[in-house]
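Data file: my_file-v8.csv. Format and content: CSV, C-alpha atoms.
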```csv
chain,number,residue,atom,x,y,z
L,70,MET,CA,91.0,105.3,82.9
L,71,THR,CA,94.4,103.6,83.3
L,72,ALA,CA,95.7,106.4,85.5
L,73,ALA,CA,93.5,105.0,88.3
L,74,VAL,CA,94.6,101.4,87.7
L,75,HIS,CA,97.1,100.0,90.2
L,76,VAL,CA,99.9,97.8,88.8
L,77,GLU,CA,102.7,95.8,90.1
L,78,GLN,CA,105.9,95.1,88.1
L,79,ALA,CA,109.0,93.0,88.4
L,80,GLY,CA,111.9,92.7,85.9
L,81,THR,CA,113.6,95.4,84.0
L,82,ASP,CA,114.6,93.7,80.7
L,83,GLY,CA,112.9,91.8,77.9
L,84,PRO,CA,109.4,91.9,76.5
L,85,LEU,CA,106.4,92.8,78.5
L,86,LEU,CA,104.2,90.1,80.0
L,87,LEU,CA,100.9,91.6,81.1
L,88,CYS,CA,99.0,89.4,83.7
L,89,LEU,CA,95.2,89.7,84.1
L,90,HIS,CA,93.8,88.1,87.2
L,91,GLY,CA,90.6,86.1,87.8
L,92,ILE,CA,87.3,87.6,88.9
L,93,GLY,CA,87.9,87.0,92.6
L,94,SER,CA,91.5,88.1,92.7
L,95,SER,CA,94.1,90.8,92.2
L,96,SER,CA,97.7,91.4,91.1
L,97,ALA,CA,98.7,89.4,94.2
L,98,ALA,CA,97.7,86.2,92.3
L,99,PHE,CA,100.8,86.5,90.2
L,100,ALA,CA,103.4,86.5,93.0
L,101,PRO,CA,104.8,83.2,91.7
L,102,GLN,CA,105.2,84.6,88.2
L,103,PHE,CA,106.9,87.7,89.5
L,104,ALA,CA,109.4,85.5,91.3
L,105,GLY,CA,109.9,82.9,88.5
L,106,LEU,CA,109.7,84.9,85.3
L,107,SER,CA,111.0,88.4,86.0
L,108,ALA,CA,114.6,87.4,85.2
L,109,TYR,CA,113.4,86.9,81.6
L,110,VAL,CA,110.6,89.4,81.0
L,111,ARG,CA,109.0,92.5,82.5
L,112,VAL,CA,106.1,91.1,84.4
L,113,LEU,CA,103.3,93.5,84.9
L,114,ALA,CA,100.0,92.7,86.7
L,115,TRP,CA,97.0,95.0,87.3
L,116,ASP,CA,94.4,95.2,89.9
L,117,ALA,CA,91.5,95.4,87.4
L,118,PRO,CA,89.4,98.6,87.6
L,119,GLY,CA,87.2,98.4,90.7
L,120,TYR,CA,89.4,95.8,92.4
L,121,ALA,CA,91.9,96.0,95.3
L,122,ARG,CA,94.0,99.1,95.0
L,123,SER,CA,92.5,100.3,91.7
L,124,ALA,CA,89.9,103.1,91.8
L,125,ASP,CA,86.2,102.4,91.1
L,126,PRO,CA,85.3,103.2,87.5
L,127,ALA,CA,82.9,106.0,86.9
L,128,GLY,CA,80.2,103.6,85.6
L,129,PRO,CA,79.5,100.1,84.6
L,130,MET,CA,82.2,98.3,82.5
L,131,THR,CA,81.6,95.7,79.8
L,132,LEU,CA,84.1,93.1,78.6
L,133,ASP,CA,85.1,95.5,75.8
L,134,ASP,CA,85.8,98.2,78.4
L,135,TYR,CA,88.1,95.9,80.4
L,136,ALA,CA,89.9,94.8,77.2
L,137,ASP,CA,90.3,98.5,76.2
L,138,ALA,CA,91.6,99.4,79.7
L,139,ALA,CA,94.2,96.6,79.3
L,140,ALA,CA,95.1,97.9,75.8
L,141,ALA,CA,95.6,101.4,77.2
L,142,LEU,CA,98.0,99.9,79.8
L,143,ILE,CA,100.0,98.1,77.1
L,144,GLU,CA,100.2,101.3,75.0
L,145,GLU,CA,101.5,103.2,78.1
L,146,ARG,CA,104.2,100.6,78.7
L,147,GLY,CA,105.6,100.3,75.2
L,148,GLY,CA,103.0,99.3,72.7
L,149,ARG,CA,103.1,95.5,72.6
L,150,ALA,CA,102.8,92.7,75.1
L,151,HIS,CA,102.4,89.0,75.7
L,152,VAL,CA,99.2,88.6,77.7
L,153,LEU,CA,98.6,86.0,80.4
L,154,GLY,CA,95.0,85.8,81.6
L,155,VAL,CA,93.7,83.5,84.3
L,156,SER,CA,90.0,82.6,84.2
L,157,TRP,CA,88.1,85.9,83.8
L,158,GLY,CA,91.5,87.4,82.9
L,159,GLY,CA,91.7,84.9,80.1
L,160,VAL,CA,88.3,85.9,78.7
L,161,THR,CA,89.5,89.5,78.8
L,162,ALA,CA,92.8,88.6,77.1
L,163,LEU,CA,91.0,86.9,74.3
L,164,ARG,CA,88.7,89.9,73.7
L,165,LEU,CA,91.8,92.1,73.9
L,166,ALA,CA,93.4,90.0,71.2
L,167,THR,CA,90.4,90.4,68.8
L,168,ARG,CA,89.9,94.1,69.5
L,169,HIS,CA,93.5,95.2,69.6
L,170,PRO,CA,95.5,92.5,67.7
L,171,GLU,CA,98.4,94.9,67.0
L,172,LEU,CA,99.1,95.1,70.7
L,173,VAL,CA,99.2,91.3,71.5
L,174,ASP,CA,102.3,89.4,70.6
L,175,SER,CA,101.0,86.2,72.1
L,176,LEU,CA,98.5,84.8,74.6
L,177,ILE,CA,98.8,82.5,77.7
L,178,ILE,CA,95.2,81.5,78.6
L,179,ALA,CA,95.0,79.6,81.9
L,180,ASP,CA,92.0,77.8,83.4
L,181,SER,CA,89.6,79.9,81.4
L,182,SER,CA,86.5,79.6,79.3
L,183,PRO,CA,84.7,81.2,76.4
L,184,GLY,CA,82.6,83.0,79.0
L,185,SER,CA,79.7,82.2,81.3
L,186,GLY,CA,77.2,83.2,78.5
L,187,THR,CA,77.7,79.9,76.8
L,188,ASP,CA,75.3,78.3,79.3
L,189,PRO,CA,72.1,80.0,80.8
L,190,ALA,CA,72.6,78.3,84.2
L,191,LYS,CA,76.2,79.4,84.4
L,192,ALA,CA,75.3,83.0,83.4
L,193,ALA,CA,72.5,83.1,86.1
L,194,ALA,CA,74.9,81.8,88.8
L,195,MET,CA,77.5,84.4,87.8
L,196,ARG,CA,75.0,87.2,88.0
L,197,GLN,CA,73.9,86.0,91.5
L,198,ARG,CA,77.4,86.5,92.9
L,199,ALA,CA,77.0,90.2,93.3
L,200,ALA,CA,74.0,89.8,95.6
L,201,GLU,CA,75.9,87.2,97.5
L,202,LEU,CA,78.9,89.5,98.0
L,203,ALA,CA,76.5,92.3,99.1
L,204,GLU,CA,74.9,90.0,101.6
L,205,SER,CA,77.9,88.3,103.1
L,206,GLY,CA,80.7,90.8,102.7
L,207,PRO,CA,84.2,90.1,101.2
L,208,ARG,CA,85.7,88.0,103.9
L,209,ALA,CA,82.8,85.5,104.2
L,210,PHE,CA,82.4,85.5,100.5
L,211,ALA,CA,86.1,84.6,100.0
L,212,GLU,CA,86.1,81.9,102.7
L,213,ARG,CA,83.2,80.1,101.0
L,214,ARG,CA,85.1,80.0,97.7
L,215,GLY,CA,88.8,79.7,98.4
L,216,HIS,CA,89.1,75.9,98.8
L,217,ARG,CA,87.1,75.4,95.5
L,218,LEU,CA,89.9,77.1,93.5
L,219,VAL,CA,92.6,74.6,94.2
L,220,SER,CA,92.9,70.8,94.2
L,221,PRO,CA,92.0,68.8,97.4
L,222,GLY,CA,95.7,68.2,98.0
L,223,ALA,CA,96.6,71.9,98.1
L,224,PRO,CA,98.4,73.1,101.3
L,225,ALA,CA,96.3,75.0,103.8
L,226,GLU,CA,98.6,78.0,103.6
L,227,LEU,CA,97.9,78.4,99.9
L,228,VAL,CA,94.2,78.2,100.5
L,229,GLN,CA,94.5,80.9,103.1
L,230,ARG,CA,96.5,83.1,100.8
L,231,ILE,CA,93.9,82.8,98.1
L,232,VAL,CA,91.1,83.6,100.6
L,233,ASP,CA,93.1,86.7,101.9
L,234,THR,CA,93.7,87.9,98.3
L,235,MET,CA,90.1,87.6,97.4
L,236,ALA,CA,88.9,89.3,100.6
L,237,GLY,CA,91.2,92.2,99.9
L,238,ALA,CA,90.3,92.5,96.2
L,239,VAL,CA,86.6,92.2,95.7
L,240,ARG,CA,84.0,94.9,96.4
L,241,LEU,CA,80.9,96.4,94.8
L,242,PRO,CA,80.2,97.8,92.3
L,243,GLY,CA,83.3,96.6,90.5
L,244,TYR,CA,82.8,92.9,91.2
L,245,GLY,CA,79.2,93.1,90.0
L,246,TRP,CA,80.2,94.7,86.7
L,247,ALA,CA,82.9,92.1,86.2
L,248,ALA,CA,80.3,89.3,86.9
L,249,GLU,CA,77.9,90.8,84.4
L,250,ALA,CA,80.7,91.0,81.8
L,251,MET,CA,81.4,87.3,82.3
L,252,ALA,CA,77.7,86.4,82.3
L,253,SER,CA,77.2,88.1,79.0
L,254,ALA,CA,80.3,86.7,77.3
L,255,ASP,CA,80.2,83.9,74.8
L,256,LEU,CA,83.5,84.1,72.8
L,257,ARG,CA,83.0,80.9,70.8
L,258,ALA,CA,82.2,82.7,67.5
L,259,GLU,CA,85.2,85.0,67.7
L,260,LEU,CA,88.0,82.6,68.8
L,261,ALA,CA,88.8,81.8,65.2
L,262,ASP,CA,89.6,85.6,64.7
L,263,VAL,CA,92.4,85.5,67.2
L,264,THR,CA,95.7,85.8,65.3
L,265,ALA,CA,98.2,85.7,68.2
L,266,PRO,CA,99.8,82.4,69.0
L,267,ALA,CA,98.5,81.0,72.2
L,268,LEU,CA,99.4,78.6,75.0
L,269,VAL,CA,96.3,77.3,76.8
L,270,LEU,CA,96.8,75.7,80.2
L,271,CYS,CA,94.4,74.0,82.6
L,272,GLY,CA,94.8,72.3,85.9
L,273,ASP,CA,93.8,68.6,85.7
L,274,GLN,CA,91.6,69.1,88.8
L,275,ASP,CA,90.0,72.3,87.8
L,276,THR,CA,86.3,72.0,88.7
L,277,VAL,CA,85.4,75.7,88.2
L,278,THR,CA,85.9,76.2,84.4
L,279,GLY,CA,87.2,72.7,83.8
L,280,THR,CA,89.4,71.1,81.1
L,281,GLU,CA,86.6,70.9,78.5
L,282,ALA,CA,86.3,74.7,78.4
L,283,SER,CA,90.0,75.1,78.0
L,284,GLN,CA,90.0,72.5,75.2
L,285,THR,CA,87.2,74.4,73.5
L,286,ILE,CA,89.5,77.5,73.5
L,287,ALA,CA,92.6,75.6,72.3
L,288,GLY,CA,90.7,73.8,69.6
L,289,SER,CA,89.1,77.0,68.2
L,290,LEU,CA,92.3,79.0,67.9
L,291,HIS,CA,94.4,78.8,64.8
L,292,LYS,CA,97.8,78.7,66.5
L,293,SER,CA,97.6,77.1,69.9
L,294,ALA,CA,99.2,74.5,72.2
L,295,TYR,CA,97.3,72.9,75.0
L,296,VAL,CA,98.8,71.8,78.3
L,297,ILE,CA,97.4,70.0,81.3
L,298,VAL,CA,99.0,71.0,84.6
L,299,LYS,CA,99.1,68.0,86.9
L,300,ASP,CA,98.0,68.2,90.5
L,301,ALA,CA,96.4,71.6,90.1
L,302,GLY,CA,92.9,73.0,90.4
L,303,HIS,CA,91.5,76.3,89.0
L,304,LEU,CA,94.5,78.4,90.0
L,305,ALA,CA,97.2,76.4,88.5
L,306,ASN,CA,99.6,79.3,88.3
L,307,GLN,CA,99.6,79.5,92.1
L,308,GLU,CA,99.2,75.8,93.0
L,309,GLN,CA,101.9,74.4,90.6
L,310,PRO,CA,104.0,77.5,89.8
L,311,GLY,CA,107.2,75.6,88.9
L,312,ALA,CA,105.5,73.6,86.1
L,313,PHE,CA,103.3,76.6,85.1
L,314,ASN,CA,106.2,79.0,84.8
L,315,ALA,CA,108.3,76.4,82.9
L,316,TRP,CA,105.5,76.1,80.2
L,317,VAL,CA,105.1,79.8,80.0
L,318,LEU,CA,108.8,80.3,79.6
L,319,SER,CA,109.0,77.7,76.9
L,320,HIS,CA,106.2,79.5,75.1
L,321,LEU,CA,108.0,82.8,75.4
L,322,ARG,CA,111.2,81.4,74.2
L,323,ILE,CA,109.4,80.6,70.9
L,324,THR,CA,107.2,83.6,70.6
L,325,ALA,CA,109.6,86.2,72.0
L,326,GLN,CA,112.9,84.6,71.1
L,327,ILE,CA,114.1,84.8,74.7
L,328,PRO,CA,117.5,83.2,74.7
L,329,GLU,CA,118.3,80.0,76.6
```
Just give me the structure as structure tokens.
Amino acid sequence: MTAAVHVEQAGTDGPLLLCLHGIGSSSAAFAPQFAGLSAYVRVLAWDAPGYARSADPAGPMTLDDYADAAAALIEERGGRAHVLGVSWGGVTALRLATRHPELVDSLIIADSSPGSGTDPAKAAAMRQRAAELAESGPRAFAERRGHRLVSPGAPAELVQRIVDTMAGAVRLPGYGWAAEAMASADLRAELADVTAPALVLCGDQDTVTGTEASQTIAGSLHKSAYVIVKDAGHLANQEQPGAFNAWVLSHLRITAQIPE
């Protein structure tokens, strides 16, 4: 499966940092992390199966399938990784950590949740997205959503970049399968099984998953630190990359013994 998955990489030395994007995005979401962290680690980001430049899977994928695809990528690139997941990518990263704990040195979970399956209304809304994408097309779909993913004070050029990334990333059937994976996910019972140390971050103005969902994750993990990123919405890694990268680097200095 991973032979058909497109990846971007920056950095040649240090441990591997695998970045998993949100449900409406691609590897392009991690441009600030490529720029800010690749001097310390090998930053690797995928276009999830069925997204952007990755091929469409042969059939529907579950959350386990996405986690297993990420695991195969880690195994191809050396066998262990620190895993950074944003939103849906965070849900995938948490499932990866319970299914393949031997591959995950640590987690960075950003603006995420235990899954949309924790609430029937959220699950129904998530499932409706595939029909909306089919009806409106990727560009209109993205233009309706882009501004919701950042704080009200975000610059217009960032909003446009987010819209462009989404419009170039999402398509059916892959987006629909990802939405179903999210709608079916409720990780609350398995969070206590995660053994990897975790940094959980959330933008203080995230209205998509929100701080409460991130607090639920952090409070359920055995080894976690919780950080609020000021002046950021749902995509804190893009809206406040300086602060976000500084927290990630601090986490990696502890978990990966990266020198000062």
Find the residues with any atom within 9 Å of (91.2, 78.3, 83.4); use all atoms listed in the file and the coordinates as given in the file, and write the answer as a short mmCIF file (atom, residue, chain, number, x, y, z; two decimals) with C-alpha atoms, in the frame of the given file.
```cif
data_model
loop_
_atom_site.label_atom_id
_atom_site.label_comp_id
_atom_site.auth_asym_id
_atom_site.auth_seq_id
_atom_site.Cartn_x
_atom_site.Cartn_y
_atom_site.Cartn_z
CA GLY L 91 90.60 86.10 87.80
CA GLY L 154 95.00 85.80 81.60
CA VAL L 155 93.70 83.50 84.30
CA SER L 156 90.00 82.60 84.20
CA TRP L 157 88.10 85.90 83.80
CA GLY L 159 91.70 84.90 80.10
CA ILE L 178 95.20 81.50 78.60
CA ALA L 179 95.00 79.60 81.90
CA ASP L 180 92.00 77.80 83.40
CA SER L 181 89.60 79.90 81.40
CA SER L 182 86.50 79.60 79.30
CA VAL L 269 96.30 77.30 76.80
CA LEU L 270 96.80 75.70 80.20
CA CYS L 271 94.40 74.00 82.60
CA GLY L 272 94.80 72.30 85.90
CA ASP L 275 90.00 72.30 87.80
CA VAL L 277 85.40 75.70 88.20
CA THR L 278 85.90 76.20 84.40
CA GLY L 279 87.20 72.70 83.80
CA THR L 280 89.40 71.10 81.10
CA ALA L 282 86.30 74.70 78.40
CA SER L 283 90.00 75.10 78.00
CA GLY L 302 92.90 73.00 90.40
CA HIS L 303 91.50 76.30 89.00
CA LEU L 304 94.50 78.40 90.00
CA ALA L 305 97.20 76.40 88.50
#
```
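Taking all atoms listed in the file into account, Thr234 (chain L) lies nearest to L:Asp116 out of the set L:Glu204, L:Glu145, L:Glu77, L:Asp116.
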| said: Need to verify the contact set: Glu226 (chain L), 12 Å, only C-alpha atoms, exclusion of same-chain residues closer than 3 positions in sequence. Can you return it as a PyMOL selection string? | reply: chain L and resi 215-216+219+222-223+229-233+307-308
| request: Give me the residues within 8 Å of His291 (chain L) as a PyMOL selection string, counting all atoms listed in the file and dropping any in the same chain fewer than 3 places off. | output: chain L and resi 261+263-264+266+288
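Nearest to Gly158 (chain L) of all the residues L:Ala203, L:Ala127, L:Leu227, L:Met251 is L:Met251, counting all atoms listed in the file.
CA of Arg111 (chain L) is found 23.5 Å from CA of Val296 (chain L).
Between CA of Gln326 (chain L) and CA of Ala138 (chain L) lies a distance of 27.3 Å.
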| request: Please identify all polymer residues within 12 Å of region 105-110 of chain L, counting all atoms listed in the file, omitting same-chain residues fewer than 4 positions from it, and present them as JSON, numbers by chain. | output: {"L": [77, 78, 79, 80, 81, 82, 83, 84, 85, 86, 87, 88, 99, 100, 101, 114, 150, 151, 152, 306, 307, 309, 310, 311, 312, 313, 314, 315, 316, 317, 318, 319, 321, 322, 325, 326, 327, 328, 329]}
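In this comparison, which uses all atoms listed in the file, the residue of L:Ser175, L:Ser253, L:Thr131, L:Ser94 approaching Pro207 (chain L) most closely is L:Ser94.
Applying the 9 Å criterion to (78.9, 86.4, 75.5) in file coordinates and using all atoms listed in the file, one obtains the residues L:Pro183, L:Gly184, L:Ser185, L:Gly186, L:Thr187, L:Ala250, L:Met251, L:Ala252, L:Ser253, L:Ala254, L:Asp255, L:Leu256, L:Arg257.
Between CA of Val298 (chain L) and CA of Leu165 (chain L) there is a distance of 24.7 Å.
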| said: When you look at Asp137 (chain L) with a cut-off of 12 Å (counting only C-alpha atoms), what residues show up, excluding the ones that are within fewer than 2 positions of it in the same chain? I need them as a list in words. | reply: Met70, Thr71, Ala117, Pro118, Met130, Thr131, Leu132, Asp133, Asp134, Tyr135, Ala139, Ala140, Ala141, Leu142, Ile143, Glu144, Thr161, Ala162, Leu163, Arg164, Leu165, Ala166, Thr167, Arg168, His169, Pro170 and Leu172 of chain L
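Closest approach to Ala294 (chain L) among L:Tyr244, L:Leu176, L:Thr276, L:Ala124: L:Leu176, based on only C-alpha atoms.
Taking all atoms listed in the file into account, Pro126 (chain L) lies nearest to L:Ala247 out of the set L:Ala193, L:Leu202, L:Ala247, L:Ile297.
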May I ask you to restore all heavy atoms in region 289-300 of chain L and write the result as a PDB file, keeping the file's coordinate frame?
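Printed below is out-v8.pdb as written:
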```
ATOM      1  N   SER L 289      89.721  75.963  69.068  1.00  0.00           N
ATOM      2  CA  SER L 289      89.100  77.000  68.200  1.00  0.00           C
ATOM      3  C   SER L 289      90.132  78.005  67.701  1.00  0.00           C
ATOM      4  O   SER L 289      89.834  78.764  66.780  1.00  0.00           O
ATOM      5  CB  SER L 289      87.996  77.697  68.944  1.00  0.00           C
ATOM      6  OG  SER L 289      86.990  76.792  69.348  1.00  0.00           O
ATOM      7  N   LEU L 290      91.299  78.051  68.332  1.00  0.00           N
ATOM      8  CA  LEU L 290      92.300  79.000  67.900  1.00  0.00           C
ATOM      9  C   LEU L 290      93.169  78.421  66.790  1.00  0.00           C
ATOM     10  O   LEU L 290      93.403  77.220  66.738  1.00  0.00           O
ATOM     11  CB  LEU L 290      93.225  79.350  69.115  1.00  0.00           C
ATOM     12  CG  LEU L 290      92.540  80.020  70.310  1.00  0.00           C
ATOM     13  CD1 LEU L 290      93.516  80.135  71.485  1.00  0.00           C
ATOM     14  CD2 LEU L 290      92.015  81.398  69.931  1.00  0.00           C
ATOM     15  N   HIS L 291      93.635  79.297  65.908  1.00  0.00           N
ATOM     16  CA  HIS L 291      94.400  78.800  64.800  1.00  0.00           C
ATOM     17  C   HIS L 291      95.813  78.349  65.162  1.00  0.00           C
ATOM     18  O   HIS L 291      96.334  77.386  64.604  1.00  0.00           O
ATOM     19  CB  HIS L 291      94.553  79.953  63.725  1.00  0.00           C
ATOM     20  CG  HIS L 291      93.290  80.220  62.972  1.00  0.00           C
ATOM     21  ND1 HIS L 291      92.663  79.248  62.222  1.00  0.00           N
ATOM     22  CD2 HIS L 291      92.550  81.341  62.843  1.00  0.00           C
ATOM     23  CE1 HIS L 291      91.571  79.765  61.665  1.00  0.00           C
ATOM     24  NE2 HIS L 291      91.473  81.027  62.025  1.00  0.00           N
ATOM     25  N   LYS L 292      96.415  79.055  66.123  1.00  0.00           N
ATOM     26  CA  LYS L 292      97.800  78.700  66.500  1.00  0.00           C
ATOM     27  C   LYS L 292      97.807  78.550  68.045  1.00  0.00           C
ATOM     28  O   LYS L 292      97.887  79.529  68.796  1.00  0.00           O
ATOM     29  CB  LYS L 292      98.741  79.860  66.116  1.00  0.00           C
ATOM     30  CG  LYS L 292      98.890  80.010  64.614  1.00  0.00           C
ATOM     31  CD  LYS L 292      99.799  81.170  64.228  1.00  0.00           C
ATOM     32  CE  LYS L 292      99.081  82.495  64.370  1.00  0.00           C
ATOM     33  NZ  LYS L 292      99.892  83.629  63.840  1.00  0.00           N
ATOM     34  N   SER L 293      97.700  77.310  68.502  1.00  0.00           N
ATOM     35  CA  SER L 293      97.600  77.100  69.900  1.00  0.00           C
ATOM     36  C   SER L 293      98.312  75.785  70.328  1.00  0.00           C
ATOM     37  O   SER L 293      98.423  74.852  69.532  1.00  0.00           O
ATOM     38  CB  SER L 293      96.164  77.033  70.402  1.00  0.00           C
ATOM     39  OG  SER L 293      95.516  75.879  69.911  1.00  0.00           O
ATOM     40  N   ALA L 294      98.776  75.765  71.558  1.00  0.00           N
ATOM     41  CA  ALA L 294      99.200  74.500  72.200  1.00  0.00           C
ATOM     42  C   ALA L 294      98.450  74.394  73.490  1.00  0.00           C
ATOM     43  O   ALA L 294      98.132  75.386  74.158  1.00  0.00           O
ATOM     44  CB  ALA L 294     100.735  74.639  72.527  1.00  0.00           C
ATOM     45  N   TYR L 295      98.102  73.154  73.831  1.00  0.00           N
ATOM     46  CA  TYR L 295      97.300  72.900  75.000  1.00  0.00           C
ATOM     47  C   TYR L 295      98.035  72.028  75.991  1.00  0.00           C
ATOM     48  O   TYR L 295      98.610  70.997  75.611  1.00  0.00           O
ATOM     49  CB  TYR L 295      95.972  72.193  74.573  1.00  0.00           C
ATOM     50  CG  TYR L 295      95.077  71.795  75.719  1.00  0.00           C
ATOM     51  CD1 TYR L 295      94.502  72.749  76.536  1.00  0.00           C
ATOM     52  CD2 TYR L 295      94.809  70.448  75.987  1.00  0.00           C
ATOM     53  CE1 TYR L 295      93.670  72.386  77.587  1.00  0.00           C
ATOM     54  CE2 TYR L 295      93.973  70.075  77.033  1.00  0.00           C
ATOM     55  CZ  TYR L 295      93.410  71.045  77.828  1.00  0.00           C
ATOM     56  OH  TYR L 295      92.595  70.684  78.868  1.00  0.00           O
ATOM     57  N   VAL L 296      98.045  72.454  77.249  1.00  0.00           N
ATOM     58  CA  VAL L 296      98.800  71.800  78.300  1.00  0.00           C
ATOM     59  C   VAL L 296      97.956  71.537  79.514  1.00  0.00           C
ATOM     60  O   VAL L 296      97.257  72.446  79.977  1.00  0.00           O
ATOM     61  CB  VAL L 296     100.056  72.621  78.684  1.00  0.00           C
ATOM     62  CG1 VAL L 296     100.747  72.030  79.907  1.00  0.00           C
ATOM     63  CG2 VAL L 296     101.035  72.731  77.520  1.00  0.00           C
ATOM     64  N   ILE L 297      98.002  70.330  80.026  1.00  0.00           N
ATOM     65  CA  ILE L 297      97.400  70.000  81.300  1.00  0.00           C
ATOM     66  C   ILE L 297      98.448  70.151  82.403  1.00  0.00           C
ATOM     67  O   ILE L 297      99.553  69.621  82.287  1.00  0.00           O
ATOM     68  CB  ILE L 297      96.858  68.554  81.300  1.00  0.00           C
ATOM     69  CG1 ILE L 297      95.612  68.448  80.420  1.00  0.00           C
ATOM     70  CG2 ILE L 297      96.534  68.082  82.715  1.00  0.00           C
ATOM     71  CD1 ILE L 297      94.374  69.054  81.036  1.00  0.00           C
ATOM     72  N   VAL L 298      98.114  70.879  83.452  1.00  0.00           N
ATOM     73  CA  VAL L 298      99.000  71.000  84.600  1.00  0.00           C
ATOM     74  C   VAL L 298      98.569  70.049  85.668  1.00  0.00           C
ATOM     75  O   VAL L 298      97.476  70.158  86.216  1.00  0.00           O
ATOM     76  CB  VAL L 298      98.972  72.480  85.140  1.00  0.00           C
ATOM     77  CG1 VAL L 298      99.957  72.627  86.304  1.00  0.00           C
ATOM     78  CG2 VAL L 298      99.301  73.487  84.031  1.00  0.00           C
ATOM     79  N   LYS L 299      99.410  69.086  85.945  1.00  0.00           N
ATOM     80  CA  LYS L 299      99.100  68.000  86.900  1.00  0.00           C
ATOM     81  C   LYS L 299      98.988  68.533  88.317  1.00  0.00           C
ATOM     82  O   LYS L 299      99.708  69.449  88.710  1.00  0.00           O
ATOM     83  CB  LYS L 299     100.084  66.883  86.792  1.00  0.00           C
ATOM     84  CG  LYS L 299     100.051  66.110  85.476  1.00  0.00           C
ATOM     85  CD  LYS L 299     101.030  64.962  85.499  1.00  0.00           C
ATOM     86  CE  LYS L 299     100.621  63.936  86.546  1.00  0.00           C
ATOM     87  NZ  LYS L 299     101.529  62.743  86.529  1.00  0.00           N
ATOM     88  N   ASP L 300      98.103  67.919  89.093  1.00  0.00           N
ATOM     89  CA  ASP L 300      98.000  68.200  90.500  1.00  0.00           C
ATOM     90  C   ASP L 300      97.645  69.666  90.796  1.00  0.00           C
ATOM     91  O   ASP L 300      98.182  70.279  91.723  1.00  0.00           O
ATOM     92  CB  ASP L 300      99.236  67.779  91.279  1.00  0.00           C
ATOM     93  CG  ASP L 300      99.561  66.313  91.098  1.00  0.00           C
ATOM     94  OD1 ASP L 300      98.622  65.497  91.129  1.00  0.00           O
ATOM     95  OD2 ASP L 300     100.748  65.991  90.925  1.00  0.00           O
TER      96      ASP L 300
END
```
